[in-house]
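Enquirer: What follows is a structure written as structure tokens; I'll ask about it next.
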Amino acid sequence: MDECKIRFRCFYEEKDAIGKRYRRMDAIGTPFCVTVDHQSKEDNTVTIRYRDSMKQERIAIHTIGEIVDKQIS
């Protein structure tokens with residue numbers, strides 16, 4: 001989060017289940033959601049969810065900025 005908030009507008013949330021969080025973010029127009037979970041600590045990956053397609057993929061943490069840059073360019 002610290003690395004991303006330098007380049008992008010970021011919002012951190014822990015409240016409620018992941019589905020409710022996704023719905024809230026969709027409602028306000030957040031284009032990408034990045035989810036950190038128990039697996040993240042094990043293998044340095046996160047899940048990125050794309051609002052428009054609702055596609056989710058597991059990616060390396062260090063590639064978040066590159067992926068978001070590519071999508072918004």
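Chain labels run A, B, ... following the order of the structure tokens; each chain numbers its residues from 1, and ligands are numbered from 1 in the order shown.
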Please provide as number ranges by chain all residues within 12 Å of Glu14 in chain A, with the sequence filter that same-chain residues fewer than 4 positions apart are discarded (counting only C-alpha atoms).

Expert: A: 18-22, 35-37

Enquirer: Enumerate, as a PDB file with C-alpha atoms, in the first residue's frame, the complete set of residues in chain A that a backbone-based DSSP assignment places in helix (DSSP H, G or I).

Expert:
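Wrote it out as result-v5.pdb, contents follow:
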```pdb
ATOM      1  CA  ASP A   2       2.799   2.410   0.879  1.00  0.00           C
ATOM      2  CA  GLU A   3       4.397   1.971  -2.539  1.00  0.00           C
ATOM      3  CA  CYS A   4       1.116   2.274  -4.438  1.00  0.00           C
ATOM      4  CA  LYS A   5      -0.232   5.335  -2.628  1.00  0.00           C
ATOM      5  CA  ILE A   6       2.685   7.370  -3.956  1.00  0.00           C
ATOM      6  CA  ARG A   7       1.500   6.746  -7.529  1.00  0.00           C
ATOM      7  CA  ILE A  18     -14.809  -9.391   0.878  1.00  0.00           C
ATOM      8  CA  GLY A  19     -17.988  -9.545  -1.238  1.00  0.00           C
ATOM      9  CA  LYS A  20     -19.465  -6.549   0.570  1.00  0.00           C
ATOM     10  CA  ARG A  21     -16.209  -4.652   0.182  1.00  0.00           C
ATOM     11  CA  TYR A  22     -16.147  -5.355  -3.546  1.00  0.00           C
ATOM     12  CA  ARG A  23     -19.759  -4.127  -3.889  1.00  0.00           C
ATOM     13  CA  ARG A  24     -18.946  -0.901  -2.020  1.00  0.00           C
ATOM     14  CA  MET A  25     -15.913  -0.277  -4.196  1.00  0.00           C
ATOM     15  CA  ASP A  26     -17.918  -1.023  -7.365  1.00  0.00           C
ATOM     16  CA  ALA A  27     -20.595   1.449  -6.267  1.00  0.00           C
ATOM     17  CA  ILE A  28     -18.103   4.295  -5.909  1.00  0.00           C
ATOM     18  CA  HIS A  38      -3.168 -15.454   4.297  1.00  0.00           C
ATOM     19  CA  GLN A  39      -1.523 -16.710   1.087  1.00  0.00           C
ATOM     20  CA  SER A  40       0.049 -13.271   0.524  1.00  0.00           C
ATOM     21  CA  LYS A  41       2.380 -13.768   3.468  1.00  0.00           C
ATOM     22  CA  GLU A  42       3.440 -17.178   2.188  1.00  0.00           C
ATOM     23  CA  ASP A  43       4.206 -16.380  -1.444  1.00  0.00           C
ATOM     24  CA  ILE A  61       2.948  -8.024  -5.066  1.00  0.00           C
ATOM     25  CA  HIS A  62       5.827  -6.237  -6.793  1.00  0.00           C
ATOM     26  CA  THR A  63       3.870  -6.111 -10.096  1.00  0.00           C
ATOM     27  CA  ILE A  64       0.808  -4.201  -8.822  1.00  0.00           C
ATOM     28  CA  GLY A  65       2.052  -0.788  -9.944  1.00  0.00           C
ATOM     29  CA  GLU A  66       3.090  -2.037 -13.364  1.00  0.00           C
ATOM     30  CA  ILE A  67      -0.261  -3.758 -13.959  1.00  0.00           C
ATOM     31  CA  VAL A  68      -2.332  -0.753 -12.865  1.00  0.00           C
ATOM     32  CA  ASP A  69      -0.171   1.631 -14.929  1.00  0.00           C
ATOM     33  CA  LYS A  70      -0.673  -0.546 -17.993  1.00  0.00           C
ATOM     34  CA  GLN A  71      -4.461  -0.669 -17.477  1.00  0.00           C
ATOM     35  CA  ILE A  72      -4.901   3.089 -17.062  1.00  0.00           C
TER      36      ILE A  72
END
```

Enquirer: If you run DSSP on the backbone here, which positions in chain A get strand (DSSP E or B)? Please write them as a list in words.

Expert: Phe32, Cys33, Val34, Thr35, Thr45, Val46, Thr47, Ile48, Arg49, Tyr50, Gln56, Glu57, Arg58, Ile59 and Ala60 of chain A

Enquirer: Take the selection from the previous step and output its residues with C-alpha atoms, as a PDB file, in the first residue's frame.

Expert:
```pdb
ATOM      1  CA  PHE A  32      -9.208  -2.176  -9.185  1.00  0.00           C
ATOM      2  CA  CYS A  33      -9.346  -3.929  -5.829  1.00  0.00           C
ATOM      3  CA  VAL A  34      -6.254  -5.594  -4.422  1.00  0.00           C
ATOM      4  CA  THR A  35      -6.849  -8.216  -1.745  1.00  0.00           C
ATOM      5  CA  THR A  45       1.099 -12.578  -4.076  1.00  0.00           C
ATOM      6  CA  VAL A  46      -2.219 -10.728  -3.942  1.00  0.00           C
ATOM      7  CA  THR A  47      -5.495 -10.964  -5.798  1.00  0.00           C
ATOM      8  CA  ILE A  48      -6.348  -8.085  -8.121  1.00  0.00           C
ATOM      9  CA  ARG A  49      -9.972  -7.680  -9.184  1.00  0.00           C
ATOM     10  CA  TYR A  50     -10.961  -5.605 -12.198  1.00  0.00           C
ATOM     11  CA  GLN A  56      -9.706 -11.791 -10.640  1.00  0.00           C
ATOM     12  CA  GLU A  57      -6.124 -12.956 -10.894  1.00  0.00           C
ATOM     13  CA  ARG A  58      -3.322 -13.797  -8.524  1.00  0.00           C
ATOM     14  CA  ILE A  59      -0.288 -11.600  -9.114  1.00  0.00           C
ATOM     15  CA  ALA A  60       3.088 -10.941  -7.496  1.00  0.00           C
TER      16      ALA A  60
END
```

Enquirer: Using CA of Arg9 in chain A and CA of Pro31 in chain A as the two end points, give the distance in Å to one decimal.

Expert: 11.0 Å
